[in-house]
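Q: So that you have it, the file is entry_13.cif, and it contains mmCIF, C-alpha atoms:
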```
data_start
#
loop_
_atom_site.label_atom_id
_atom_site.label_comp_id
_atom_site.auth_asym_id
_atom_site.auth_seq_id
_atom_site.Cartn_x
_atom_site.Cartn_y
_atom_site.Cartn_z
CA MET Q 161 27.41 -5.15 -16.89
CA PRO Q 162 27.95 -8.37 -18.82
CA THR Q 163 25.59 -9.62 -21.49
CA PHE Q 164 25.62 -13.29 -22.40
CA SER Q 165 25.86 -14.07 -26.10
CA PRO Q 166 22.84 -15.39 -27.96
CA GLY Q 167 22.16 -18.77 -29.40
CA CYS Q 168 19.90 -19.70 -32.29
CA THR Q 169 17.97 -22.69 -33.61
CA ARG Q 170 16.84 -22.84 -37.24
CA LEU Q 171 14.01 -24.71 -38.92
CA ALA Q 172 14.55 -26.93 -41.93
CA ASP Q 173 13.91 -24.03 -44.30
CA GLY Q 174 16.63 -22.00 -42.63
CA SER Q 175 14.30 -19.56 -40.83
CA ASP Q 176 14.76 -18.69 -37.16
CA LEU Q 177 12.35 -20.06 -34.57
CA LEU Q 178 13.44 -18.44 -31.29
CA LYS Q 179 16.62 -16.84 -30.06
CA LEU Q 180 17.47 -16.77 -26.39
CA ARG Q 181 19.58 -13.92 -25.03
CA LEU Q 182 20.49 -13.39 -21.40
CA HIS Q 183 21.43 -9.98 -20.00
CA HIS Q 184 22.93 -9.47 -16.54
CA PHE Q 185 22.62 -6.08 -14.86
CA ASP Q 186 23.46 -4.67 -11.45
CA LEU Q 187 20.65 -2.29 -10.51
CA PRO Q 188 21.78 0.55 -8.21
CA LEU Q 189 19.33 1.53 -5.46
CA ARG Q 190 18.62 5.10 -4.37
CA HIS Q 191 19.25 4.11 -0.76
CA VAL Q 192 20.62 1.11 1.08
CA PHE Q 193 17.56 -1.11 1.45
CA THR Q 194 17.30 -2.99 4.74
CA ILE Q 195 14.81 -5.59 5.90
CA SER Q 196 14.91 -7.76 9.01
CA ARG Q 197 17.51 -10.16 7.58
CA GLU Q 198 19.71 -8.23 5.12
CA SER Q 199 20.76 -4.94 3.53
CA ILE Q 200 21.52 -4.27 -0.15
CA SER Q 201 22.63 -1.25 -2.18
CA VAL Q 202 22.86 -3.00 -5.56
CA GLN Q 203 20.38 -5.54 -6.90
CA PRO Q 204 21.75 -8.07 -9.42
CA THR Q 205 19.15 -9.09 -11.99
CA LEU Q 206 18.82 -11.31 -15.05
CA ILE Q 207 16.85 -10.20 -18.10
CA VAL Q 208 15.75 -12.96 -20.45
CA GLU Q 209 15.12 -11.95 -24.04
CA LEU Q 210 13.23 -14.16 -26.48
CA SER Q 211 13.14 -13.08 -30.11
CA ASP Q 212 11.51 -14.45 -33.24
CA GLY Q 213 13.81 -12.32 -35.38
CA GLU Q 214 11.43 -9.36 -35.49
CA HIS Q 215 9.84 -9.05 -32.06
CA ARG Q 216 11.56 -9.17 -28.68
CA GLY Q 217 10.00 -10.32 -25.44
CA PHE Q 218 11.60 -9.53 -22.08
CA GLY Q 219 11.36 -11.10 -18.65
CA GLU Q 220 13.20 -10.62 -15.37
CA ALA Q 221 14.27 -12.34 -12.18
CA THR Q 222 16.41 -10.72 -9.51
CA ALA Q 223 19.00 -12.53 -7.43
CA ASN Q 224 18.02 -13.23 -3.83
CA ALA Q 225 20.25 -14.68 -1.12
CA TYR Q 226 17.35 -15.88 1.07
CA TYR Q 227 16.14 -18.18 -1.72
CA GLY Q 228 19.61 -19.11 -2.96
CA ALA Q 229 18.98 -17.45 -6.33
CA THR Q 230 22.02 -16.09 -8.17
CA VAL Q 231 22.35 -14.72 -11.67
CA GLU Q 232 25.10 -17.24 -12.39
CA ARG Q 233 22.87 -20.14 -11.44
CA MET Q 234 19.95 -18.84 -13.51
CA VAL Q 235 22.21 -18.39 -16.53
CA ALA Q 236 23.63 -21.91 -16.20
CA ASP Q 237 20.19 -23.48 -15.84
CA LEU Q 238 18.75 -21.66 -18.84
CA ARG Q 239 21.82 -22.32 -20.97
CA SER Q 240 21.48 -26.04 -20.24
CA LEU Q 241 17.98 -25.91 -21.78
CA GLN Q 242 18.72 -23.45 -24.56
CA ASP Q 243 18.18 -25.83 -27.48
CA GLU Q 244 14.88 -27.00 -26.04
CA ILE Q 245 13.71 -23.43 -25.40
CA GLU Q 246 14.67 -22.22 -28.87
CA ALA Q 247 12.94 -25.18 -30.52
CA HIS Q 248 9.62 -24.21 -28.95
CA SER Q 249 6.89 -22.31 -30.77
CA SER Q 250 6.58 -18.65 -29.81
CA SER Q 251 2.78 -18.82 -29.92
CA ASP Q 252 2.03 -20.56 -26.62
CA PRO Q 253 3.83 -19.32 -23.48
CA GLU Q 254 1.90 -21.59 -21.13
CA SER Q 255 2.95 -24.75 -22.96
CA LEU Q 256 6.56 -23.55 -22.77
CA TRP Q 257 6.14 -23.17 -19.00
CA ASP Q 258 4.68 -26.67 -18.75
CA GLN Q 259 7.55 -28.12 -20.77
CA ILE Q 260 10.50 -26.24 -19.29
CA GLY Q 261 9.02 -26.14 -15.80
CA LEU Q 262 9.56 -29.87 -15.50
CA ARG Q 263 13.27 -29.23 -15.97
CA LEU Q 264 13.56 -26.21 -13.70
CA THR Q 265 11.91 -27.43 -10.51
CA ASP Q 266 14.94 -26.22 -8.54
CA ASP Q 267 15.13 -22.79 -10.17
CA PHE Q 268 11.79 -21.04 -10.30
CA PHE Q 269 13.54 -17.67 -10.55
CA ALA Q 270 15.00 -18.60 -13.94
CA LEU Q 271 11.64 -20.05 -14.96
CA CYS Q 272 9.97 -16.76 -14.05
CA ALA Q 273 12.24 -14.68 -16.28
CA LEU Q 274 11.69 -17.11 -19.17
CA ASP Q 275 7.92 -17.19 -18.67
CA GLN Q 276 7.65 -13.40 -18.54
CA ALA Q 277 9.66 -13.11 -21.76
CA ALA Q 278 7.49 -15.73 -23.48
CA HIS Q 279 4.30 -13.91 -22.47
CA ASP Q 280 5.70 -10.53 -23.53
CA LEU Q 281 6.68 -11.92 -26.93
CA HIS Q 282 3.28 -13.60 -27.30
CA GLY Q 283 1.49 -10.32 -26.64
CA LYS Q 284 3.68 -8.44 -29.09
CA LEU Q 285 2.95 -11.03 -31.75
CA LYS Q 286 -0.78 -10.73 -31.04
CA ASN Q 287 -0.56 -6.90 -31.05
CA LYS Q 288 -2.31 -6.74 -27.68
CA PRO Q 289 -1.34 -6.08 -24.08
CA LEU Q 290 -1.46 -9.20 -21.96
CA HIS Q 291 -4.35 -8.01 -19.81
CA GLN Q 292 -6.47 -7.67 -22.94
CA ILE Q 293 -5.53 -11.15 -24.12
CA TRP Q 294 -6.66 -12.38 -20.69
CA GLY Q 295 -10.00 -10.57 -21.04
CA GLN Q 296 -9.30 -7.94 -18.37
CA THR Q 297 -10.00 -4.21 -18.41
CA LEU Q 298 -8.28 -1.44 -16.48
CA ASP Q 299 -11.44 -0.01 -14.94
CA GLN Q 300 -10.45 -0.98 -11.40
CA CYS Q 301 -6.81 -1.36 -10.44
CA PRO Q 302 -5.39 -1.20 -6.90
CA VAL Q 303 -2.82 1.43 -6.02
CA SER Q 304 0.71 0.40 -5.13
CA ASN Q 305 2.49 1.09 -1.90
CA PHE Q 306 5.97 2.64 -1.67
CA THR Q 307 8.35 0.71 0.58
CA ILE Q 308 10.42 2.30 3.35
CA GLY Q 309 13.30 0.05 4.40
CA ILE Q 310 14.58 -0.27 7.95
CA ASP Q 311 16.92 2.49 9.08
CA ARG Q 312 17.30 4.97 11.89
CA VAL Q 313 13.95 6.59 12.58
CA GLU Q 314 15.09 10.00 11.36
CA VAL Q 315 16.35 8.48 8.10
CA MET Q 316 13.07 6.61 7.57
CA ILE Q 317 11.24 9.90 8.01
CA GLU Q 318 13.53 11.50 5.41
CA LYS Q 319 12.84 8.64 2.98
CA LEU Q 320 9.11 9.10 3.49
CA GLN Q 321 9.37 12.83 2.83
CA GLU Q 322 11.36 12.23 -0.37
CA VAL Q 323 8.33 10.54 -1.98
CA PRO Q 324 5.26 12.49 -0.85
CA GLY Q 325 1.78 11.83 -2.12
CA TRP Q 326 1.74 8.03 -2.22
CA PRO Q 327 -1.58 6.74 -0.85
CA VAL Q 328 0.05 3.74 0.84
CA TYR Q 329 3.48 3.14 2.37
CA LYS Q 330 4.81 -0.27 3.31
CA ILE Q 331 7.11 -0.04 6.32
CA LYS Q 332 9.72 -2.72 6.82
CA LEU Q 333 9.97 -3.77 10.47
CA GLY Q 334 11.73 -6.35 12.61
CA THR Q 335 13.61 -4.18 15.10
CA ALA Q 336 13.40 -3.46 18.82
CA GLN Q 337 11.75 -0.10 18.02
CA ASP Q 338 9.03 -1.15 15.60
CA LEU Q 339 6.11 0.58 17.30
CA GLU Q 340 8.16 3.72 17.83
CA ILE Q 341 8.97 3.74 14.10
CA ILE Q 342 5.30 3.64 13.09
CA GLU Q 343 4.36 6.26 15.68
CA ALA Q 344 7.10 8.57 14.38
CA LEU Q 345 6.19 8.09 10.70
CA ARG Q 346 2.51 8.60 11.42
CA LYS Q 347 3.25 12.19 12.47
CA HIS Q 348 4.36 12.97 8.90
CA THR Q 349 1.58 11.49 6.74
CA ASP Q 350 -2.08 10.51 6.76
CA ALA Q 351 -1.46 7.77 4.19
CA THR Q 352 -2.35 4.16 4.85
CA PHE Q 353 0.47 2.03 6.26
CA ARG Q 354 1.23 -1.63 5.67
CA VAL Q 355 3.89 -3.28 7.80
CA ASP Q 356 6.16 -6.16 6.81
CA ALA Q 357 8.24 -7.92 9.45
CA ASN Q 358 9.83 -10.40 6.99
CA CYS Q 359 9.63 -13.26 9.51
CA GLY Q 360 11.13 -11.09 12.27
CA TRP Q 361 8.45 -11.34 15.00
CA SER Q 362 7.23 -13.98 17.43
CA ALA Q 363 3.57 -14.98 17.72
CA GLN Q 364 2.92 -13.06 20.93
CA GLU Q 365 4.83 -10.04 19.63
CA THR Q 366 2.61 -10.01 16.54
CA ILE Q 367 -0.59 -10.22 18.57
CA ASP Q 368 0.54 -7.44 20.90
CA ASN Q 369 1.79 -5.24 18.06
CA SER Q 370 -1.40 -5.68 16.06
CA ALA Q 371 -3.51 -4.22 18.86
CA ARG Q 372 -1.46 -1.01 18.79
CA LEU Q 373 -0.91 -0.84 15.05
CA VAL Q 374 -4.63 -0.91 14.27
CA ASP Q 375 -4.92 2.52 15.93
CA LEU Q 376 -1.99 3.85 13.88
CA GLY Q 377 -3.65 3.47 10.50
CA VAL Q 378 -2.05 0.14 9.56
CA GLU Q 379 -4.00 -1.86 6.96
CA PHE Q 380 -2.40 -5.27 7.44
CA ILE Q 381 0.66 -7.13 8.66
CA GLU Q 382 2.75 -9.04 6.12
CA GLN Q 383 4.61 -12.23 7.09
CA PRO Q 384 5.25 -11.60 10.79
CA LEU Q 385 6.53 -15.08 11.69
CA PRO Q 386 9.17 -17.41 10.21
CA ALA Q 387 7.74 -19.21 7.20
CA ASP Q 388 7.69 -22.64 8.83
CA ASP Q 389 6.03 -21.58 12.12
CA TRP Q 390 2.54 -22.71 11.17
CA GLU Q 391 1.46 -23.40 14.74
CA GLY Q 392 2.39 -19.88 15.80
CA GLN Q 393 0.83 -18.42 12.67
CA ARG Q 394 -2.52 -20.12 13.33
CA ARG Q 395 -2.44 -18.73 16.87
CA VAL Q 396 -1.81 -15.25 15.49
CA PHE Q 397 -4.58 -15.74 12.92
CA GLU Q 398 -7.05 -16.39 15.73
CA ASN Q 399 -5.96 -13.42 17.86
CA SER Q 400 -4.60 -10.66 15.60
CA SER Q 401 -6.36 -7.30 15.50
CA LEU Q 402 -5.21 -6.84 11.89
CA PRO Q 403 -5.41 -8.96 8.72
CA LEU Q 404 -2.35 -11.09 7.94
CA ILE Q 405 -0.80 -11.53 4.49
CA ALA Q 406 1.52 -14.43 3.68
CA ASP Q 407 4.75 -13.84 1.78
CA GLU Q 408 7.58 -16.21 2.66
CA SER Q 409 4.93 -18.78 3.62
CA CYS Q 410 3.41 -18.67 0.12
CA ILE Q 411 5.96 -19.43 -2.56
CA LEU Q 412 4.52 -22.03 -4.93
CA GLU Q 413 1.03 -23.01 -6.05
CA ALA Q 414 0.62 -25.72 -3.41
CA ASP Q 415 1.24 -23.19 -0.63
CA VAL Q 416 -2.03 -21.33 -1.22
CA ALA Q 417 -4.11 -24.09 0.38
CA ALA Q 418 -1.89 -24.14 3.48
CA CYS Q 419 -2.46 -20.40 3.97
CA GLU Q 420 -6.25 -20.67 4.02
CA GLN Q 421 -6.56 -21.18 7.79
CA ALA Q 422 -3.50 -19.17 8.79
CA PHE Q 423 -3.64 -15.92 6.79
CA HIS Q 424 -6.25 -13.58 5.41
CA GLY Q 425 -4.46 -13.18 2.12
CA VAL Q 426 -1.37 -14.09 0.11
CA ASN Q 427 1.37 -12.02 -1.50
CA ILE Q 428 2.36 -13.77 -4.72
CA LYS Q 429 5.83 -13.02 -6.08
CA LEU Q 430 6.37 -13.88 -9.75
CA VAL Q 431 10.04 -14.70 -9.25
CA LYS Q 432 9.30 -17.15 -6.46
CA CYS Q 433 6.42 -19.05 -8.07
CA GLY Q 434 7.90 -19.22 -11.56
CA GLY Q 435 6.26 -16.43 -13.52
CA LEU Q 436 2.91 -15.21 -14.82
CA THR Q 437 1.60 -18.66 -15.73
CA PRO Q 438 1.54 -20.10 -12.18
CA ALA Q 439 0.78 -16.69 -10.61
CA ARG Q 440 -2.54 -16.50 -12.44
CA ARG Q 441 -3.44 -19.99 -11.24
CA MET Q 442 -2.53 -18.98 -7.68
CA ILE Q 443 -4.72 -15.88 -7.96
CA ARG Q 444 -7.71 -17.98 -8.99
CA ASP Q 445 -7.04 -20.54 -6.26
CA ALA Q 446 -6.67 -17.90 -3.55
CA LYS Q 447 -9.88 -16.14 -4.56
CA SER Q 448 -11.78 -19.43 -4.56
CA ARG Q 449 -10.71 -19.86 -0.92
CA GLY Q 450 -11.81 -16.38 0.09
CA LEU Q 451 -8.25 -15.07 0.46
CA LYS Q 452 -7.23 -11.56 -0.50
CA VAL Q 453 -4.67 -11.45 -3.29
CA MET Q 454 -1.59 -9.27 -3.49
CA VAL Q 455 1.28 -9.41 -5.96
CA GLY Q 456 4.62 -8.06 -4.80
CA CYS Q 457 7.94 -7.25 -6.39
CA MET Q 458 11.55 -8.11 -5.55
CA THR Q 459 13.21 -4.79 -6.49
CA GLU Q 460 12.93 -5.52 -10.19
CA SER Q 461 13.53 -3.04 -12.97
CA THR Q 462 10.70 -1.79 -15.17
CA VAL Q 463 10.84 -5.12 -17.03
CA GLY Q 464 9.53 -7.07 -14.04
CA ILE Q 465 7.21 -4.27 -12.93
CA SER Q 466 5.59 -4.18 -16.38
CA ALA Q 467 4.78 -7.88 -16.08
CA ILE Q 468 3.17 -7.31 -12.67
CA ALA Q 469 1.14 -4.44 -14.13
CA GLN Q 470 -0.69 -6.81 -16.45
CA LEU Q 471 -2.14 -8.61 -13.41
CA LEU Q 472 -3.51 -5.46 -11.73
CA PRO Q 473 -7.18 -5.95 -12.69
CA GLU Q 474 -7.13 -9.31 -10.88
CA LEU Q 475 -5.66 -8.05 -7.57
CA ASP Q 476 -6.81 -6.64 -4.25
CA TYR Q 477 -3.40 -5.17 -3.35
CA VAL Q 478 -0.13 -4.63 -5.15
CA ASP Q 479 3.46 -3.79 -4.27
CA MET Q 480 5.08 -2.73 -7.55
CA ASP Q 481 7.48 -0.01 -6.46
CA GLY Q 482 10.68 -1.90 -7.35
CA ALA Q 483 11.76 0.36 -10.20
CA ALA Q 484 10.90 3.44 -8.13
CA LEU Q 485 13.52 2.33 -5.60
CA LEU Q 486 16.29 2.39 -8.23
CA SER Q 487 18.64 5.26 -8.95
CA ARG Q 488 18.98 4.08 -12.57
CA ASP Q 489 16.61 1.90 -14.58
CA ILE Q 490 17.37 -0.23 -17.63
CA ALA Q 491 14.01 -0.26 -19.39
CA ARG Q 492 10.82 1.58 -20.27
CA GLY Q 493 7.32 0.27 -19.75
CA ALA Q 494 4.81 0.53 -16.91
CA THR Q 495 5.58 3.28 -14.43
CA VAL Q 496 4.13 3.93 -10.99
CA VAL Q 497 3.53 7.57 -10.08
CA GLN Q 498 2.40 8.20 -6.50
CA GLY Q 499 1.00 4.70 -6.34
CA ARG Q 500 -0.93 4.70 -9.60
CA CYS Q 501 0.20 2.65 -12.56
CA GLN Q 502 0.67 4.38 -15.87
CA PHE Q 503 0.38 1.59 -18.42
CA PRO Q 504 2.69 1.45 -21.42
CA THR Q 505 1.36 1.90 -24.92
CA GLY Q 506 3.16 -1.20 -26.20
CA ASN Q 507 1.85 -4.74 -26.45
CA GLY Q 508 2.68 -7.77 -24.34
CA SER Q 509 3.87 -6.47 -21.01
CA GLY Q 510 4.99 -3.30 -22.77
CA ALA Q 511 8.58 -3.62 -21.57
CA GLU Q 512 11.51 -2.56 -23.74
CA LEU Q 513 15.16 -2.41 -22.73
CA PHE Q 514 16.82 0.92 -23.44
CA GLU Q 515 18.72 0.67 -26.70
CA ASP Q 516 22.16 1.00 -25.10
CA ASN Q 517 21.38 -2.14 -23.08
CA LEU Q 518 20.63 -4.27 -26.14
CA ILE Q 519 23.10 -6.38 -28.08
CA PRO Q 520 22.71 -6.65 -31.84
#
```
Rewrite the structure of this file - the entire thing - as C-alpha cells.
A:
Amino acid sequence: MPTFSPGCTRLADGSDLLKLRLHHFDLPLRHVFTISRESISVQPTLIVELSDGEHRGFGEATANAYYGATVERMVADLRSLQDEIEAHSSSDPESLWDQIGLRLTDDFFALCALDQAAHDLHGKLKNKPLHQIWGQTLDQCPVSNFTIGIDRVEVMIEKLQEVPGWPVYKIKLGTAQDLEIIEALRKHTDATFRVDANCGWSAQETIDNSARLVDLGVEFIEQPLPADDWEGQRRVFENSSLPLIADESCILEADVAACEQAFHGVNIKLVKCGGLTPARRMIRDAKSRGLKVMVGCMTESTVGISAIAQLLPELDYVDMDGAALLSRDIARGATVVQGRCQFPTGNGSGAELFEDNLIP
C-alpha cells in the first residue's frame, strides 16, 4: 500500500506551519459487496494527514466509480495545492475549506479528506472532541444500521446471521426478487429494516413495493429512482406508503432545497459534499425545511467513521457501518458495536492510524 511522501512549508523563523501527508490504502472487505450498479471486494481509500509537528489530524475519502473519484485524482489535486494548504493556519478548519474549496470544485472527495483532517487536528489542538467544540452532548444519538449487500437470498441470510443483535439492517435492493429477499430475511430477525435501491427502481415499482414493504417492518426507502428523475420522484413522494430518503439526489448543499418536495429526508455523505464543514450546513438547512437528516458512509475505515461519529447528536438516522464491513482496518477511533457507537477517548474526531501505517 503506497504512501505519498510529505511536503513542508516553514515560517520565517524556521518553524513548521503544516505538513501534508497522503496515504493510500486498499481496504479489504469481509464479503464481496454488491449494490444495484456494481460489486467490490476491495475499497481503495485516501487518508489525508495534516500535522503541526506535534499533533496529527486525519481525514478520509474513498474512491468511487459512480462519482468518478479515484485515489490518483485526489492525490494529484491535493498535491497541486500543497503549498497553499501548508501555508494555512491550523487553527481554523472552516476558513481552510472556504479557501481550498474554491480550487477543488471538481473534486469534493479530496476536499472532504482534507476538511476532516483539518477538523481532527483542530480538535486535538483544542484538547476537545469535535462534538464538544460544536456544543453538542452525547445524551441522544441514533443507532446505526448494518448493511447487507445484494447476493443470493441464502447468502444474504448468512450475512445477516453473521452479525446478530443489530437493531437496524439496511438491505441493498435493485433485483427482480426484491420483495422475496425482504420476506426471506424477515423470517430471521425482528430488527427494523431499511431498504436502499440505489436508483434501481421505477416510480410505479417503488409505489407498489412500498405498500408491501410497510407490512414487512421497513422503516424507509432510500433513493429508489435515478437521481435525475425528479418528475418520477415527486409522483412517488405523493403516493408512497413509506418515507423516502434522498442519497444520490442529494450531493451538495444546493441539493437540499430540491429534495424538500420530493423526499422526506436526506442522506448526507461527507465524501460527496466535501467534508464536515458543508455537511453541518446541510444538516441545519434540512432541519429548517422539516426534512429528516441521515449521514451515511462510503465503506470508509475507522478514520472516516470517527468523523461521522462527531455528528451523531445532530442526526435522526445514521449509517456508519463502513469499518464493520472490512476484514482489516487501518485505524483506531470510534467503533460501532451492534449499532451503538462507542466514542473514542481522544480529541478531534479521535482517529489515529495504527503505527505500522504511519511514515516518520
Q: In Å, with one decimal, what is the gap from atom CA of Q:Val478 to atom CA of Q:Gly217?
A: 23.4 Å
Q: So that each row is one residue of stretch 176-278 of chain Q with an atom at most 12 Å from stretch 412-424 of chain Q, can you give its shortest atom pair and the distance in Å to one decimal, using only C-alpha atoms, rows by chain and rising number, as a tab-separated table?
A:
```
residue	atom	partner	partner_atom	distance
Q:Thr265	CA	Q:Leu412	CA	10.7
Q:Asp266	CA	Q:Leu412	CA	11.8
Q:Asp267	CA	Q:Leu412	CA	11.9
Q:Phe268	CA	Q:Leu412	CA	9.1
Q:Phe269	CA	Q:Leu412	CA	11.5
Q:Cys272	CA	Q:Leu412	CA	11.9
```
Q: Report the residues retrieved by the PyMOL selection byres ((chain Q and resi 393-398) around 7) from the displayed file, expressed as a list in words.
A: Ala363, Thr366, Ile367, Leu385, Asp389, Trp390, Glu391, Gly392, Asn399, Ser400, Gln421, Ala422 and Phe423 of chain Q
Q: Set the distance at 12 Å and use all atoms listed in the file: which residues neighbour Q:Val323 once local chain neighbours fewer than 2 positions away are removed? I'd like the list as a CSV table (one decimal) with C-alpha atoms, in the frame of the given file.
A:
```csv
chain,number,residue,atom,x,y,z
Q,190,ARG,CA,18.6,5.1,-4.4
Q,305,ASN,CA,2.5,1.1,-1.9
Q,306,PHE,CA,6.0,2.6,-1.7
Q,307,THR,CA,8.4,0.7,0.6
Q,308,ILE,CA,10.4,2.3,3.4
Q,316,MET,CA,13.1,6.6,7.6
Q,317,ILE,CA,11.2,9.9,8.0
Q,318,GLU,CA,13.5,11.5,5.4
Q,319,LYS,CA,12.8,8.6,3.0
Q,320,LEU,CA,9.1,9.1,3.5
Q,321,GLN,CA,9.4,12.8,2.8
Q,325,GLY,CA,1.8,11.8,-2.1
Q,326,TRP,CA,1.7,8.0,-2.2
Q,327,PRO,CA,-1.6,6.7,-0.8
Q,328,VAL,CA,0.0,3.7,0.8
Q,329,TYR,CA,3.5,3.1,2.4
Q,348,HIS,CA,4.4,13.0,8.9
Q,349,THR,CA,1.6,11.5,6.7
Q,351,ALA,CA,-1.5,7.8,4.2
Q,481,ASP,CA,7.5,0.0,-6.5
Q,484,ALA,CA,10.9,3.4,-8.1
Q,485,LEU,CA,13.5,2.3,-5.6
Q,496,VAL,CA,4.1,3.9,-11.0
Q,497,VAL,CA,3.5,7.6,-10.1
Q,498,GLN,CA,2.4,8.2,-6.5
Q,499,GLY,CA,1.0,4.7,-6.3
```
Q: Using only C-alpha atoms for the distances, tell me which of Q:Glu198, Q:Leu182, Q:Met458, Q:Pro253 is nearest to Q:Val231.
A: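 The closest residue to Q:Val231 is Q:Leu182.
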Q: Determine the nearest neighbour of Q:Gly464 from the options Q:Thr222, Q:Gln383, Q:Asn369, Q:Asn427, counting only C-alpha atoms.
A: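 Looking at the shortest contact to Q:Gly464, the residue is Q:Thr222.
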Q: Enter the distance from atom CA of Q:Leu404 to atom CA of Q:Leu451, in Å, rounded to one decimal.
A: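 Computing it gives 10.3 Å between the two atoms.
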